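S.K.: Here it is, the structure in full.
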Amino acid sequence: MHGDDDMDRGIYVPDRKTIDEVFDKSTLDVLYDLMSHDHIAYVDYPISSGKEAKVFRAEAPDGTLLAVKIMRLSTAVFREYKKYIEGDHRFKRVGKGRRLIYNWTKKEFSNLKKMHEVAIKVPAPVVFSKNILVMELVENSGLPAPMLKDLQLSLDEMQHIYECVLRDYRTMVKETQLVHGDLSEYNILYSEGEPYMIDVSQSLPTSHHLADELFLRDVSNMTRYFKRCGVETSEEIMIEYITEKEEHA
Ligand SMILES: Nc1ncnc2c1ncn2[C@@H]1O[C@H](COP(=O)(O)OP(=O)(O)O)[C@@H](O)[C@H]1O
Ligand SMILES: [Mg+2]
């Protein structure tokens, strides 16, 4: 599959179906371009296949483990994206069709960058091009980190995760002026005892007309999940912690 010899380096794709579904000609061109510019040495196996994106484990030439998120160029998702990018002051021209997906990819990259810069636990963004976003792999011993929803953890561990997520969300609102917008146990990965928020493509500036609605939905998802895991909390407690002015010790 891959080895030290450069001749061995290439796109390793596990099955034909994957190629047909994700790698249309234009996406393959983008991937080759990222490889020829030494951002990616090889693409390994698929980690996830959703209706909007596929994510692959990959590796950089220097051995850094990567996650390569490939947004589908499908018309079915265009309309859904549009409402979250329209009205975002950073994207004056939303675009149509592929252009919209490219802007969507750029939006996730720029959201990740802002969050990463203020030390929120998110995968470090590496590069983006058209519909492909390359970021650091959130991992445990080289394997992609599991989603919170698939784990059975102790109450102490849950309490720790809860506090980290709350602190990170507070930093997000205060220092990046963004709301996550799709936060749940599906979009939090657990790596070496720490929670990482992912999937920030629909994150919006707090000034956006949908921001309050998305924020309240995030809070409600988190409350439901953490309460179910035994953590004592409520929507009011979370909102107060995230939005109150005073710094916490
Ligand atoms: N940086 C990453 N490191 C490890 N796994 C990732 C990373 N980004 C995404 N994944 C995996 O891929 C899945 C889908 O990615 P996500 O960004 O949530 O896209 P979507 O939910 O829109 O398909 C995640 O649930 C996670 O399992
Ligand atoms: Mg997701």
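Residue numbers start at 1 in each chain; chains themselves are named A, B, ... in the order of the structure tokens; ligands are numbered from 1 in the order shown.
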Got a sec: who's within 8 Å of segment 187-202 of chain A, counting only C-alpha atoms, leaving out chain neighbours fewer than 4 positions off, as a compact mmCIF listing (two decimals) with C-alpha atoms, in the first residue's frame?

M.R.:
```txt
# COMPACT_ATOMS: atom_id res chain seq x y z
CA TYR A 81 -25.75 25.12 2.97
CA TYR A 84 -25.92 29.16 6.70
CA ILE A 85 -23.60 31.08 4.46
CA TRP A 104 -18.45 26.16 2.29
CA THR A 105 -15.08 24.39 2.46
CA LYS A 107 -15.72 28.62 5.63
CA GLU A 108 -14.94 25.45 7.59
CA PHE A 109 -11.21 26.08 7.15
CA ASN A 111 -13.67 28.72 11.30
CA LEU A 112 -11.17 26.02 12.32
CA LYS A 121 -9.47 22.00 21.01
CA VAL A 122 -10.24 21.49 17.33
CA PRO A 123 -8.16 19.73 14.68
CA VAL A 138 -7.62 13.67 15.93
CA GLU A 139 -6.28 10.31 16.98
CA ASN A 140 -5.41 7.75 19.62
CA ALA A 145 -10.47 9.14 17.57
CA PRO A 146 -13.98 7.86 18.33
CA MET A 147 -17.04 10.04 18.58
CA LEU A 148 -18.30 10.74 22.08
CA GLU A 157 -14.38 11.45 32.73
CA ILE A 161 -15.37 16.45 29.12
CA CYS A 164 -13.75 21.25 28.69
CA VAL A 165 -16.56 21.58 26.15
CA HIS A 180 -20.66 26.03 16.65
CA GLY A 181 -24.09 25.38 15.21
CA ASP A 182 -24.04 21.58 15.01
CA LEU A 183 -22.74 20.49 18.37
```

S.K.: Can you tell me, as a ChimeraX atom specification, what residues are no more than 7 Å from segment 46-54 of chain A when counting only C-alpha atoms, ignoring any on the same chain fewer than 5 positions away?

M.R.: /A:69-72,77

S.K.: Using only C-alpha atoms, which residues sit within 9 Å of Ile239 of chain A once same-chain residues fewer than 5 positions away are excluded, as a PDB file with N, CA and C atoms, in the first residue's frame?

M.R.:
```pdb
ATOM      1  N   LEU A 216     -28.814  28.005  20.833  1.00  0.00           N
ATOM      2  CA  LEU A 216     -29.754  27.362  21.760  1.00  0.00           C
ATOM      3  C   LEU A 216     -29.913  25.877  21.446  1.00  0.00           C
ATOM      4  N   VAL A 219     -26.868  24.166  22.901  1.00  0.00           N
ATOM      5  CA  VAL A 219     -26.995  24.062  24.358  1.00  0.00           C
ATOM      6  C   VAL A 219     -27.988  22.950  24.718  1.00  0.00           C
ATOM      7  N   SER A 234     -27.924  22.100  33.421  1.00  0.00           N
ATOM      8  CA  SER A 234     -29.201  22.500  32.825  1.00  0.00           C
ATOM      9  C   SER A 234     -28.881  23.512  31.729  1.00  0.00           C
ATOM     10  N   GLU A 244     -21.834  34.685  30.321  1.00  0.00           N
ATOM     11  CA  GLU A 244     -21.656  35.719  31.356  1.00  0.00           C
ATOM     12  C   GLU A 244     -20.330  36.451  31.187  1.00  0.00           C
TER      13      GLU A 244
END
```

S.K.: Out of segment 149-214 of chain A, which residues get strand (DSSP E) from DSSP, as a list of chain:residue names?

M.R.: A:Leu178, A:Val179, A:Ile188, A:Leu189, A:Tyr190, A:Ser191, A:Glu194, A:Pro195, A:Tyr196, A:Met197, A:Leu204, A:Pro205

S.K.: Could the residues in this selection be saved with C-alpha atoms as a PDB file, in the first residue's frame?

M.R.:
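Wrote result_37.pdb, looks like this:
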```pdb
ATOM      1  CA  LEU A 178     -18.693  32.258  16.539  1.00  0.00           C
ATOM      2  CA  VAL A 179     -21.274  29.676  17.544  1.00  0.00           C
ATOM      3  CA  ILE A 188     -17.067  15.729  19.518  1.00  0.00           C
ATOM      4  CA  LEU A 189     -14.132  13.312  19.269  1.00  0.00           C
ATOM      5  CA  TYR A 190     -12.336  11.900  22.275  1.00  0.00           C
ATOM      6  CA  SER A 191      -8.556  11.825  22.047  1.00  0.00           C
ATOM      7  CA  GLU A 194      -9.678  15.296  25.875  1.00  0.00           C
ATOM      8  CA  PRO A 195     -12.716  16.304  23.793  1.00  0.00           C
ATOM      9  CA  TYR A 196     -12.214  17.876  20.353  1.00  0.00           C
ATOM     10  CA  MET A 197     -15.008  19.709  18.585  1.00  0.00           C
ATOM     11  CA  LEU A 204     -21.628  31.277  12.244  1.00  0.00           C
ATOM     12  CA  PRO A 205     -20.703  34.693  13.599  1.00  0.00           C
TER      13      PRO A 205
END
```

S.K.: Any idea what the distance is between atom CA of Lys149 of chain A and atom CA of Glu185 of chain A?

M.R.: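 Separation between atom CA of Lys149 of chain A and atom CA of Glu185 of chain A: 4.9 Å.
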
S.K.: Run DSSP on the backbone of this structure and report the residues of segment 79-205 of chain A it assigns to helix (DSSP H, G or I), as JSON, numbers by chain.

M.R.: {"A": [79, 80, 81, 82, 83, 84, 85, 97, 98, 99, 100, 101, 102, 103, 104, 105, 106, 107, 108, 109, 110, 111, 112, 113, 114, 115, 116, 117, 148, 149, 150, 155, 156, 157, 158, 159, 160, 161, 162, 163, 164, 165, 166, 167, 168, 169, 170, 171, 172, 173, 174, 175, 176]}

S.K.: Determine, counting only C-alpha atoms, which protein, DNA and RNA residues have an atom within 12 Å of an atom of Phe56 of chain A; residues of the same chain fewer than 4 positions away are not included. Present the result as an MDAnalysis selection string.

M.R.: chainID A and resid 11:14 18 22 31 40 42:50 65:71 132:138 143:144

S.K.: Atoms to include: C-alpha atoms. Write the selected residues as a compact mmCIF listing (two decimals), in the first residue's frame.

M.R.:
```
# COMPACT_ATOMS: atom_id res chain seq x y z
CA ILE A 11 -3.57 7.25 -3.59
CA TYR A 12 -4.54 4.05 -1.94
CA VAL A 13 -8.27 3.69 -2.19
CA PRO A 14 -9.78 0.58 -0.65
CA THR A 18 -15.43 4.71 -2.93
CA VAL A 22 -16.35 10.59 -4.12
CA LEU A 31 -6.30 15.73 -4.63
CA ILE A 40 -0.49 14.99 1.34
CA TYR A 42 -0.93 9.40 0.56
CA VAL A 43 -4.58 8.93 1.29
CA ASP A 44 -5.32 5.95 3.46
CA TYR A 45 -8.72 4.54 4.36
CA PRO A 46 -12.13 6.20 4.72
CA ILE A 47 -13.09 7.12 8.27
CA SER A 48 -16.59 8.31 7.57
CA SER A 49 -19.06 8.69 4.78
CA GLY A 50 -21.89 11.15 5.35
CA LEU A 65 -1.39 12.17 10.37
CA LEU A 66 -4.17 13.97 8.55
CA ALA A 67 -7.91 13.92 8.06
CA VAL A 68 -8.95 14.81 4.52
CA LYS A 69 -12.55 15.97 4.31
CA ILE A 70 -14.02 15.88 0.84
CA MET A 71 -17.27 17.78 0.43
CA ILE A 132 -11.17 19.46 -0.02
CA LEU A 133 -10.20 20.41 3.51
CA VAL A 134 -7.04 18.98 5.04
CA MET A 135 -6.65 19.04 8.80
CA GLU A 136 -4.80 17.30 11.58
CA LEU A 137 -6.12 13.84 12.46
CA VAL A 138 -7.62 13.67 15.93
CA LEU A 143 -6.14 5.58 14.84
CA PRO A 144 -8.95 8.08 14.25
```

S.K.: For a quick check of understanding, using only C-alpha atoms, which of A:Lys92, A:Arg228, A:Lys245, A:Arg217 has the smallest distance to Thr171 of chain A?

M.R.: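 Under the stated criterion, the closest residue is A:Lys245.
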